[in-house]
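S.K.: Let me give you the structure first, and then I'll get to my questions.
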Amino acid sequence: MKTVFEYTKGMEESVSTSYCPGCTHGIAHRLIMEVLEEKGVLKDTIGIAPVGCSIAAPRFMKVDMIEAFHGRAPAVASGVRRVHPDKYIFTYQGDGDLTSIGGNEILHAAERGEKFSTFFINNAIYGMTGGQMAPTTLIGQKATTAPMGRYVEKHGMPLKMSEIIAQCECAVFVERVALDTPAHVRQAKKAVQKAFEVQEKRLGFAFVEFLSTCPSNWGVPPAKAPDWLAENMIPYYPLGNFRCPEEVK
Amino acid sequence: MAEKILMKGNEAFCEAAMRGGARFYFGYPITPQSEIPEYMAAHMDEIGGCFVQAESELGAVNMGIGAAAAGGNVMLSSSSPGIALMQEGMSGLCVCHLPILLVSVSRGGPGIGDIRPSQADYRQATRGGGNGDYHLITFAPTTMQEAVDLIYEGVALADEYRNPVCILCDAMMGQMMEAVELPEHKEPVMGDAAIRAYKPWALTGQGDRAEKNRIHAMPWSPEELQESNLEQKVYYDKAEKNLVRYETRDLEDAEVVFVSYGTPARITTEAMEMLKAEGINTGMIRPISVWPYPYAAFDEIGPKTKVIISVELSLGQMMEDVKLGANGRWPVKLISRTGGVLFSSQDIVDETKEILKGVK
């Protein structure tokens with residue numbers, strides 16, 4: 001019989017993820033691990049997990065990993081890079097972690113052109129702490145700390161992180177993808193491949209933003225979460241590539 | 001014997017760390033320790049090491065966590081408000097069981113404070129400025145040579161105890177020039193093979209290891225966290241057994257025993273000579289390790305002692321440890337300045353005589 005699908009060796013087979021039904025963390029995990037497996041570099045990889053739901057990533061991903069403090073993954077990865085100039089290094093961070101408390105760390109890792117890849121999971125809300133407003137929360141979106149919904153006069157406008165990172169000259173690869181449809185997932189995998197290629201060729205900093213779901217905290221049934229993402233997030237956070245060096249086009 | 005050379009404290013600290021095997025330094029400018037990042041920027045590359053100017057002290061300490069987790073020997077430094085910003089990382093290094101050498105060059109506080117010498121970060125260093133159950137192994141040198149020797153040894157001690165080692169200096173020590181003898185360069189732990197052999201727990205990529213390595217900043221359950229804390233306590237117990245260091249002077253016949261560390265210990269030494277000339281016998285306990293604290297030194301105090309005086313540049317932060325050491329056997333008094341103000345040896349003489357009037 002012909003094998004048409006095999007689960008990536010980059011994920012622990014015996015451990016179920018702790019993510020909620022309908023959450024796309026699992027897809028993002030799998031894409032990153034698949035790309036590393038296809039490159040044959042799982043055993044040469046060091047990952048840095050954030051604080052948030054995916055602090056559990058080191059339990060599921062089958063590579064050497066550390067959990068960074070809230071928002072500090074890019075600083076931790078910068079330190080790891082200095083000791084291991086030849087390894088594959090990535091940070092995996094949510095939107096509370098990366099855009100709010102870790103805004104400074106990510107900006108300066110991009111500014112320095114750090115030779116690692118950051119995978120940014122934007123689901124427009126704090127997941128692990130239970131649905132508080134994030135800098136990425138959309139206008140009109142309800143959160144436990146914005147019970148009447150986010151509005152401009154009080155909360156300002158949601159941060160478009162890919163656009164901000166793309167302003168840094170040494171952030172040479174910046175792309176926003178979504179995990180709502182199979183076509184978008186395939187597109188996302190290509191972005192992950194390019195992000196690692198940029199790192200491999202030491203071209204600069206690579207940043208991939210995944211628009212992701214959080215049905216539990218959005219108050220949306222899991223099956224409807226991809227539609228909510230498509231209808232609400234993509235119009236404000238346009239998909240596409242912001243920067244890509246010639247070498248990986 | 002190596003040649004003695006005249007060096008500024010902050011620069012001598014760098015040489016000592018590099019010679020002790022530290023190859024990764026992450027820093028941020030703050031007076032009175034900015035010569036440290038400057039010196040590292042100029043010299044780390046020359047020995048195959050690495051300097052990064054971080055975006056903040058928070059960035060620096062977290063870069064340190066990354067490099068230490070990856071198996072590098074790391075030095076960090078800062079001064080009071082900067083050390084305060086690093087406390088997240090100090091607590092983090094301890095939960096992750098990671099070694100690091102920290103040089104803390106204290107200035108006046110609280111808050112932004114003043115850039116002149118102070119010892120008001122004693123509690124920050126010895127009681128833990130971050131959250132949770134942990135200790136920093138902390139030494140407080142009083143001469144440049146002692147600082148150099150402790151920093152040199154501290155790189156290896158951090159590895160041995162899987163814990164940050166803090167060298168607590170006041171601004172005077174960072175800024176002063178003094179003759180030092182620099183130790184020989186140790187072979188650094190660099191590169192995959194050396195790191196895998198010497199630090200099998202480090203993140204190097206799984207390679208040919210049977211299992212992946214994980215370093216947990218957040219153990220998954222209270223039981224796992226308790227287990228992690230107890231694992232670290234084994235090192236703390238060992239430190240309390242093996243790393244208590246102090247120096248005593250003239251305790252036998254002392255009417256007054258001073259307890260002092262860092263620059264104030266030098267000023268106190270001069271005051272002791274002046275008091276002796278006036279017929280007052282004094283002795284001194286000089287803690288070198290301030291965590292673990294040399295409580296046992298107080299058992300060496302002779303029968304003639306009437307009072308113990310903590311001489312320090314804070315509002316009595318170390319006096320709490322002095323009282324624990326004295327354990328009710330003698331009255332404990334304080335001679336202190338705060339905010340970056342220094343006392344002179346004459347000030348100490350005058351205030352000691354005043355204190356003696358009250359304890360006769």
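Naming works like this for the structure tokens: A, B, ... for the chains as they're shown, residue 1 at the start of each chain, ligands 1 onward in shown order.
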Once DSSP has gone over the backbone, tell me which residues of stretch 208-341 of chain B are in helix (DSSP H, G or I), as a ChimeraX atom specification.
M.R.: /B:222-242,262-277,295-300,319-326
S.K.: Starting from chain B, keep only residues with some atom at most 9 Å from an atom of chain A, counting only C-alpha atoms, and report them as number ranges by chain.
M.R.: B: 24, 26, 49-52, 54-56, 58-72, 88-89, 92, 96, 190-192, 202-209, 211-218, 220
S.K.: Expressed in Å to a single decimal, how great is the separation between atom CA of B:Ile5 and atom CA of B:Ala179?
M.R.: 5.1 Å
S.K.: Got a sec: who's within 12 Å of B:Pro264, counting only C-alpha atoms, leaving out chain neighbours fewer than 2 positions off, as a count of residues only?
M.R.: 41
S.K.: Write out as a list of chain:residue names each polymer residue whose atoms come within 6 Å of stretch 210-221 of chain A, counting only C-alpha atoms; drop sequence neighbours fewer than 3 positions from it.
M.R.: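 Neighbouring residues, sequence-local ones excluded: A:Cys23, A:Thr24, A:Phe120, A:Ile121, A:Asn122, A:Asn123, A:Gly131, A:Val177, A:Ala178, A:Leu179, A:Lys224, A:Ala225.
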S.K.: Restricted to N, CA, C and O atoms, what would the selected residues look like written as a tab-separated table (two decimals), in the first residue's frame?
M.R.:
chain	number	residue	atom	x	y	z
A	23	CYS	N	-8.49	25.45	17.65
A	23	CYS	CA	-7.31	26.34	17.72
A	23	CYS	C	-6.32	25.93	16.64
A	23	CYS	O	-6.15	24.74	16.37
A	24	THR	N	-5.66	26.90	16.02
A	24	THR	CA	-4.75	26.58	14.92
A	24	THR	C	-3.27	26.46	15.35
A	24	THR	O	-2.40	26.32	14.51
A	120	PHE	N	5.03	34.11	14.46
A	120	PHE	CA	4.17	34.95	15.29
A	120	PHE	C	2.72	34.53	15.10
A	120	PHE	O	2.18	34.62	13.99
A	121	ILE	N	2.11	34.05	16.18
A	121	ILE	CA	0.72	33.58	16.12
A	121	ILE	C	-0.19	34.72	16.57
A	121	ILE	O	-0.23	35.08	17.75
A	122	ASN	N	-0.90	35.29	15.61
A	122	ASN	CA	-1.80	36.41	15.91
A	122	ASN	C	-3.24	35.92	15.89
A	122	ASN	O	-3.80	35.66	14.83
A	123	ASN	N	-3.82	35.79	17.10
A	123	ASN	CA	-5.25	35.44	17.15
A	123	ASN	C	-6.07	36.55	17.80
A	123	ASN	O	-7.19	36.34	18.24
A	131	GLY	N	-8.77	35.50	27.51
A	131	GLY	CA	-9.56	36.39	26.66
A	131	GLY	C	-9.45	37.87	26.94
A	131	GLY	O	-10.38	38.65	26.68
A	177	VAL	N	0.52	35.31	6.79
A	177	VAL	CA	-0.25	34.21	6.22
A	177	VAL	C	-1.43	33.93	7.15
A	177	VAL	O	-1.54	34.54	8.21
A	178	ALA	N	-2.33	33.06	6.73
A	178	ALA	CA	-3.48	32.71	7.57
A	178	ALA	C	-3.64	31.20	7.60
A	178	ALA	O	-3.16	30.49	6.72
A	179	LEU	N	-4.31	30.73	8.66
A	179	LEU	CA	-4.47	29.27	8.82
A	179	LEU	C	-5.95	28.89	8.75
A	179	LEU	O	-6.38	27.93	9.38
A	224	LYS	N	-16.78	27.34	13.32
A	224	LYS	CA	-17.00	28.65	12.68
A	224	LYS	C	-15.78	29.57	12.79
A	224	LYS	O	-15.75	30.65	12.20
A	225	ALA	N	-14.79	29.13	13.54
A	225	ALA	CA	-13.63	30.01	13.80
A	225	ALA	C	-12.89	30.41	12.52
A	225	ALA	O	-12.53	31.59	12.35
S.K.: Report the distance between atom CA of B:Asn163 and atom CA of B:Leu136 in Å, rounded to one decimal place.
M.R.: 7.1 Å
S.K.: Of the residues A:Gly113, A:Met1, A:Leu138, A:Thr181, which is the one nearest to A:Asp227, using only C-alpha atoms?
M.R.: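 With only C-alpha atoms as the atom set, the closest residue is A:Thr181.
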S.K.: Write out as a list in words each polymer residue whose atoms come within 8 Å of B:Arg23, counting only C-alpha atoms; drop sequence neighbours fewer than 2 positions from it.
M.R.: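 Selected residues are Met18, Gly21, Tyr25, Met44, Ile47, Gly48, Gly49, Cys50, Gly72, Asn73, Val74, Met75 and Pro188 of chain B.
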S.K.: Excluding B:Ala156 and its own-chain neighbours fewer than 3 positions away, which residues fall within 9 Å of it when counting only C-alpha atoms? Please give them as number ranges by chain.
M.R.: B: 20-21, 73, 99, 152-153, 159-161
S.K.: Between A:Lys9, A:Lys160, A:Lys115, A:His25, which is the closest to A:Pro238 once you count only C-alpha atoms?
M.R.: A:Lys160
S.K.: Report, in Å to a single decimal, how far apart atom CA of A:Glu6 and atom CA of A:Leu31 are.
M.R.: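 Atom-to-atom, atom CA of A:Leu31 to atom CA of A:Glu6, that is 13.0 Å.
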S.K.: Report as JSON, numbers by chain all protein, DNA and RNA residues lying within 10 Å of A:Gln141, evaluated on only C-alpha atoms, omitting residues in the same chain fewer than 2 positions from it.
M.R.: {"A": [124, 125, 133, 137, 138, 139, 143, 146, 147, 148, 149, 150, 151, 218, 232]}
S.K.: What would the file look like if the residues just selected were written as a PDB file, in the first residue's frame with C-alpha atoms?
M.R.:
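Below is the file part-v4.pdb, written as the result:
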ATOM      1  CA  ALA A 124      -6.210  38.944  18.251  1.00  0.00           C
ATOM      2  CA  ILE A 125      -6.584  38.071  21.930  1.00  0.00           C
ATOM      3  CA  MET A 133      -7.566  42.486  25.080  1.00  0.00           C
ATOM      4  CA  THR A 137      -7.579  42.893  19.268  1.00  0.00           C
ATOM      5  CA  LEU A 138      -9.836  44.247  16.528  1.00  0.00           C
ATOM      6  CA  ILE A 139     -12.083  47.270  16.728  1.00  0.00           C
ATOM      7  CA  ALA A 143     -12.483  40.953  25.401  1.00  0.00           C
ATOM      8  CA  ALA A 146     -12.748  45.418  26.966  1.00  0.00           C
ATOM      9  CA  PRO A 147     -16.208  44.119  27.835  1.00  0.00           C
ATOM     10  CA  MET A 148     -17.940  46.646  25.576  1.00  0.00           C
ATOM     11  CA  GLY A 149     -15.555  45.850  22.753  1.00  0.00           C
ATOM     12  CA  ARG A 150     -12.387  47.630  21.661  1.00  0.00           C
ATOM     13  CA  TYR A 151     -12.936  51.175  20.470  1.00  0.00           C
ATOM     14  CA  TRP A 218     -13.650  34.702  20.692  1.00  0.00           C
ATOM     15  CA  ASN A 232     -12.817  39.847  10.650  1.00  0.00           C
TER      16      ASN A 232
END
S.K.: If you run DSSP over the backbone, which residues in stretch 47-208 of chain A end up strand (DSSP E)? Put them as a ChimeraX atom specification.
M.R.: /A:47-49,64-67,88-94,117-122,171-178,205-208
S.K.: Using C-alpha atoms, can you write the selected residues to a file as an mmCIF file, in the first residue's frame?
M.R.:
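File produced: again26.cif:
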data_model
loop_
_atom_site.group_PDB
_atom_site.id
_atom_site.type_symbol
_atom_site.label_atom_id
_atom_site.label_comp_id
_atom_site.auth_asym_id
_atom_site.auth_seq_id
_atom_site.Cartn_x
_atom_site.Cartn_y
_atom_site.Cartn_z
ATOM 1 C CA GLY A 47 13.382 26.435 19.580
ATOM 2 C CA ILE A 48 12.300 29.160 21.965
ATOM 3 C CA ALA A 49 8.731 29.034 23.263
ATOM 4 C CA ASP A 64 15.800 21.109 21.904
ATOM 5 C CA MET A 65 13.765 23.929 23.440
ATOM 6 C CA ILE A 66 13.550 26.494 26.212
ATOM 7 C CA GLU A 67 10.590 28.469 27.477
ATOM 8 C CA TYR A 88 18.550 26.408 13.143
ATOM 9 C CA ILE A 89 16.936 28.696 15.690
ATOM 10 C CA PHE A 90 13.349 29.893 15.887
ATOM 11 C CA THR A 91 11.053 31.682 18.291
ATOM 12 C CA TYR A 92 7.363 30.856 18.456
ATOM 13 C CA GLN A 93 5.319 33.658 20.021
ATOM 14 C CA GLY A 94 1.726 34.703 20.491
ATOM 15 C CA SER A 117 13.188 33.036 12.403
ATOM 16 C CA THR A 118 10.220 34.265 14.384
ATOM 17 C CA PHE A 119 6.826 32.627 13.987
ATOM 18 C CA PHE A 120 4.173 34.950 15.291
ATOM 19 C CA ILE A 121 0.719 33.581 16.121
ATOM 20 C CA ASN A 122 -1.796 36.406 15.912
ATOM 21 C CA ALA A 171 14.292 42.140 8.698
ATOM 22 C CA VAL A 172 14.710 40.795 5.188
ATOM 23 C CA PHE A 173 11.783 38.392 5.084
ATOM 24 C CA VAL A 174 8.364 39.414 6.403
ATOM 25 C CA GLU A 175 5.143 37.695 5.433
ATOM 26 C CA ARG A 176 1.612 37.447 6.816
ATOM 27 C CA VAL A 177 -0.248 34.213 6.223
ATOM 28 C CA ALA A 178 -3.479 32.714 7.566
ATOM 29 C CA PHE A 205 15.916 38.341 10.269
ATOM 30 C CA ALA A 206 12.837 36.410 9.081
ATOM 31 C CA PHE A 207 9.339 36.986 10.413
ATOM 32 C CA VAL A 208 6.149 35.078 9.600
#
